[in-house]
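Shown next, in structure tokens, is the structure this report addresses.
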Amino acid sequence: MPASKTALDPARLTAAVERLFSVLRHGNPPNDISLTAASTLRRLEREGPRRLTELAAAEGVTQPAMTQLAQRLERDGLAERTTDATDGRVVLVRVTQAGRDLLARRRAVRAEHLTALLRDLTPEDEALIAAALPALERLAP
């Protein structure tokens, strides 16, 4: 692999991503769900139904905490618990259409917020960000 002309500084990238995340978070809709709830719904949307134990491990929370979160999501109509078709003893959590709709609204609000921020960039900076998108998407599949 050829050496790049500019070395990537992981600490600088981390700081920039953290600041960008903070800015985007301020663009969340009013009365928004928690970050863990949003992350869990995104995971269910992307990966399909999952066991509570799998969700807890993937989200870095305890199983009791994930159980409480799943109950709240279910109560709010954003997720539902179902039994596994291959093993009736296994309970799976899946995102509902209302959960998908909420995620779509969150993305739209954040995209609108980001669009306003991008207006302040030069065309060169926009091109650099566009060029980096494929690599960033590979970092967080």
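Starting from 1 in every chain, residues are counted up; chains themselves are A, B, ... following the order of the structure tokens, and ligands are numbered from 1 as listed.
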
Which residues, written as a ChimeraX atom specification, have at least one atom at most 8 Å from segment 72-87 of chain A, with only C-alpha atoms counted and residues fewer than 3 positions away on the same chain left out? /A:37,41,68-69,90-100,102

Could you turn the residues from that selection into a file that holds N, CA, C and O atoms, as a PDB file, in the first residue's frame?
ATOM      1  N   ALA A  37     -31.540   4.787  22.514  1.00  0.00           N
ATOM      2  CA  ALA A  37     -32.771   4.350  21.853  1.00  0.00           C
ATOM      3  C   ALA A  37     -32.645   4.518  20.340  1.00  0.00           C
ATOM      4  O   ALA A  37     -33.005   3.623  19.572  1.00  0.00           O
ATOM      5  N   LEU A  41     -32.683   1.495  17.593  1.00  0.00           N
ATOM      6  CA  LEU A  41     -33.624   1.462  16.466  1.00  0.00           C
ATOM      7  C   LEU A  41     -32.892   1.402  15.129  1.00  0.00           C
ATOM      8  O   LEU A  41     -33.288   0.664  14.224  1.00  0.00           O
ATOM      9  N   GLN A  68     -35.346  -2.808  29.705  1.00  0.00           N
ATOM     10  CA  GLN A  68     -36.130  -1.598  29.997  1.00  0.00           C
ATOM     11  C   GLN A  68     -36.292  -0.727  28.757  1.00  0.00           C
ATOM     12  O   GLN A  68     -37.375  -0.201  28.492  1.00  0.00           O
ATOM     13  N   LEU A  69     -35.219  -0.578  27.993  1.00  0.00           N
ATOM     14  CA  LEU A  69     -35.285   0.226  26.775  1.00  0.00           C
ATOM     15  C   LEU A  69     -36.260  -0.394  25.780  1.00  0.00           C
ATOM     16  O   LEU A  69     -37.095   0.304  25.190  1.00  0.00           O
ATOM     17  N   VAL A  90     -37.386 -18.134  22.060  1.00  0.00           N
ATOM     18  CA  VAL A  90     -36.545 -16.957  21.872  1.00  0.00           C
ATOM     19  C   VAL A  90     -37.407 -15.745  21.537  1.00  0.00           C
ATOM     20  O   VAL A  90     -38.255 -15.795  20.657  1.00  0.00           O
ATOM     21  N   VAL A  91     -37.159 -14.649  22.253  1.00  0.00           N
ATOM     22  CA  VAL A  91     -37.861 -13.392  21.999  1.00  0.00           C
ATOM     23  C   VAL A  91     -36.936 -12.481  21.196  1.00  0.00           C
ATOM     24  O   VAL A  91     -35.771 -12.291  21.552  1.00  0.00           O
ATOM     25  N   LEU A  92     -37.483 -11.944  20.117  1.00  0.00           N
ATOM     26  CA  LEU A  92     -36.743 -11.009  19.279  1.00  0.00           C
ATOM     27  C   LEU A  92     -37.383  -9.629  19.378  1.00  0.00           C
ATOM     28  O   LEU A  92     -38.584  -9.501  19.607  1.00  0.00           O
ATOM     29  N   VAL A  93     -36.582  -8.602  19.172  1.00  0.00           N
ATOM     30  CA  VAL A  93     -37.080  -7.237  19.112  1.00  0.00           C
ATOM     31  C   VAL A  93     -36.909  -6.771  17.674  1.00  0.00           C
ATOM     32  O   VAL A  93     -35.866  -7.000  17.063  1.00  0.00           O
ATOM     33  N   ARG A  94     -37.954  -6.116  17.147  1.00  0.00           N
ATOM     34  CA  ARG A  94     -37.843  -5.574  15.794  1.00  0.00           C
ATOM     35  C   ARG A  94     -38.429  -4.173  15.761  1.00  0.00           C
ATOM     36  O   ARG A  94     -39.306  -3.826  16.556  1.00  0.00           O
ATOM     37  N   VAL A  95     -37.948  -3.385  14.827  1.00  0.00           N
ATOM     38  CA  VAL A  95     -38.424  -2.014  14.675  1.00  0.00           C
ATOM     39  C   VAL A  95     -39.779  -2.045  13.965  1.00  0.00           C
ATOM     40  O   VAL A  95     -40.009  -2.873  13.087  1.00  0.00           O
ATOM     41  N   THR A  96     -40.675  -1.157  14.373  1.00  0.00           N
ATOM     42  CA  THR A  96     -41.983  -1.046  13.722  1.00  0.00           C
ATOM     43  C   THR A  96     -41.912   0.026  12.641  1.00  0.00           C
ATOM     44  O   THR A  96     -40.905   0.757  12.528  1.00  0.00           O
ATOM     45  N   GLN A  97     -42.983   0.148  11.885  1.00  0.00           N
ATOM     46  CA  GLN A  97     -43.030   1.217  10.879  1.00  0.00           C
ATOM     47  C   GLN A  97     -42.956   2.585  11.550  1.00  0.00           C
ATOM     48  O   GLN A  97     -42.310   3.497  11.040  1.00  0.00           O
ATOM     49  N   ALA A  98     -43.587   2.725  12.708  1.00  0.00           N
ATOM     50  CA  ALA A  98     -43.500   3.998  13.436  1.00  0.00           C
ATOM     51  C   ALA A  98     -42.050   4.286  13.831  1.00  0.00           C
ATOM     52  O   ALA A  98     -41.606   5.443  13.794  1.00  0.00           O
ATOM     53  N   GLY A  99     -41.299   3.254  14.201  1.00  0.00           N
ATOM     54  CA  GLY A  99     -39.881   3.427  14.520  1.00  0.00           C
ATOM     55  C   GLY A  99     -39.084   3.845  13.298  1.00  0.00           C
ATOM     56  O   GLY A  99     -38.220   4.724  13.366  1.00  0.00           O
ATOM     57  N   ARG A 100     -39.381   3.226  12.157  1.00  0.00           N
ATOM     58  CA  ARG A 100     -38.707   3.607  10.904  1.00  0.00           C
ATOM     59  C   ARG A 100     -39.037   5.053  10.533  1.00  0.00           C
ATOM     60  O   ARG A 100     -38.167   5.807  10.097  1.00  0.00           O
ATOM     61  N   LEU A 102     -39.876   7.468  12.583  1.00  0.00           N
ATOM     62  CA  LEU A 102     -39.169   8.349  13.501  1.00  0.00           C
ATOM     63  C   LEU A 102     -37.716   8.521  13.072  1.00  0.00           C
ATOM     64  O   LEU A 102     -37.191   9.634  13.053  1.00  0.00           O
TER      65      LEU A 102
END

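Look at segment 18-23 of chain A: the protein and nucleic acid residues within 10 Å of it, using only C-alpha atoms and passing over chain neighbours fewer than 6 places away, are Arg12, Arg110, His113, Leu114 and Leu117 of chain A.
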
For C-alpha atoms, I'd like the residues from the last selection saved as an mmCIF file, in the first residue's frame.
data_model
loop_
_atom_site.group_PDB
_atom_site.id
_atom_site.type_symbol
_atom_site.label_atom_id
_atom_site.label_comp_id
_atom_site.auth_asym_id
_atom_site.auth_seq_id
_atom_site.Cartn_x
_atom_site.Cartn_y
_atom_site.Cartn_z
ATOM 1 C CA ARG A 12 -7.456 15.000 15.323
ATOM 2 C CA ARG A 110 -30.325 16.479 10.935
ATOM 3 C CA HIS A 113 -29.306 21.232 9.957
ATOM 4 C CA LEU A 114 -26.174 19.947 8.229
ATOM 5 C CA LEU A 117 -23.764 24.286 8.059
#

Excluding same-chain residues fewer than 4 positions from Leu118 of chain A, what lies within 12 Å of it counting only C-alpha atoms, as a PyMOL selection string? chain A and resi 20+24+111-114+122-127+129-130

What are the DSSP strand (DSSP E) residues of segment 29-83 of chain A, as a tab-separated table (two decimals) with all heavy atoms, in the first residue's frame?
chain	number	residue	atom	x	y	z
A	50	ARG	N	-33.49	-8.74	16.50
A	50	ARG	CA	-32.37	-9.23	17.31
A	50	ARG	C	-32.86	-9.63	18.70
A	50	ARG	O	-33.83	-9.09	19.22
A	50	ARG	CB	-31.30	-8.13	17.49
A	50	ARG	CG	-30.57	-7.78	16.23
A	50	ARG	CD	-29.56	-8.87	15.91
A	50	ARG	NE	-28.92	-8.65	14.65
A	50	ARG	CZ	-29.20	-9.29	13.53
A	50	ARG	NH1	-30.15	-10.19	13.50
A	50	ARG	NH2	-28.55	-9.06	12.43
A	51	ARG	N	-32.10	-10.54	19.32
A	51	ARG	CA	-32.35	-10.91	20.72
A	51	ARG	C	-31.92	-9.76	21.61
A	51	ARG	O	-31.02	-8.99	21.27
A	51	ARG	CB	-31.52	-12.13	21.09
A	51	ARG	CG	-31.92	-13.40	20.39
A	51	ARG	CD	-30.95	-14.50	20.76
A	51	ARG	NE	-31.32	-15.74	20.11
A	51	ARG	CZ	-31.18	-16.93	20.65
A	51	ARG	NH1	-30.64	-17.06	21.85
A	51	ARG	NH2	-31.55	-18.01	19.99
A	79	ALA	N	-40.95	-0.15	18.55
A	79	ALA	CA	-40.42	-1.50	18.38
A	79	ALA	C	-41.44	-2.47	18.94
A	79	ALA	O	-42.37	-2.07	19.65
A	79	ALA	CB	-39.08	-1.66	19.11
A	80	GLU	N	-41.26	-3.73	18.60
A	80	GLU	CA	-42.14	-4.76	19.15
A	80	GLU	C	-41.34	-6.01	19.39
A	80	GLU	O	-40.34	-6.26	18.73
A	80	GLU	CB	-43.33	-5.03	18.23
A	80	GLU	CG	-42.96	-5.55	16.86
A	80	GLU	CD	-44.16	-5.66	15.93
A	80	GLU	OE1	-45.27	-5.28	16.33
A	80	GLU	OE2	-43.96	-6.11	14.79
A	81	ARG	N	-41.81	-6.78	20.36
A	81	ARG	CA	-41.18	-8.06	20.65
A	81	ARG	C	-41.99	-9.15	19.98
A	81	ARG	O	-43.22	-9.14	19.99
A	81	ARG	CB	-41.09	-8.29	22.15
A	81	ARG	CG	-40.03	-7.40	22.79
A	81	ARG	CD	-39.82	-7.73	24.20
A	81	ARG	NE	-40.73	-6.90	25.00
A	81	ARG	CZ	-40.65	-6.80	26.30
A	81	ARG	NH1	-39.75	-7.48	26.98
A	81	ARG	NH2	-41.48	-6.03	26.96
A	82	THR	N	-41.27	-10.10	19.39
A	82	THR	CA	-41.91	-11.23	18.72
A	82	THR	C	-41.14	-12.49	19.08
A	82	THR	O	-40.02	-12.42	19.59
A	82	THR	CB	-41.89	-11.06	17.18
A	82	THR	OG1	-40.53	-11.01	16.73
A	82	THR	CG2	-42.61	-9.80	16.74
A	83	THR	N	-41.73	-13.64	18.81
A	83	THR	CA	-41.01	-14.89	19.04
A	83	THR	C	-40.30	-15.29	17.77
A	83	THR	O	-40.74	-15.00	16.65
A	83	THR	CB	-41.98	-16.02	19.47
A	83	THR	OG1	-42.99	-16.14	18.50
A	83	THR	CG2	-42.60	-15.71	20.81

Atom pair atom CA of Pro141 of chain A / atom CA of Arg119 of chain A: separation (Å): 27.0 Å

Counting only C-alpha atoms, what is within 12 Å of Ala56 of chain A, bar same-chain residues fewer than 2 positions away, as a ChimeraX atom specification? /A:36-37,39-40,43,50-54,58-70,93

In chain A, what's alpha helix (DSSP H) per DSSP? Answer as an MDAnalysis selection string? chainID A and resid 10:25 35:47 52:59 63:75 97:118 123:139

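Atom CA of Thr115 of chain A lies 16.8 Å from atom CA of Val17 of chain A.
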
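Going from atom CA of Leu121 of chain A over to atom CA of Ala16 of chain A, you cover 15.3 Å.
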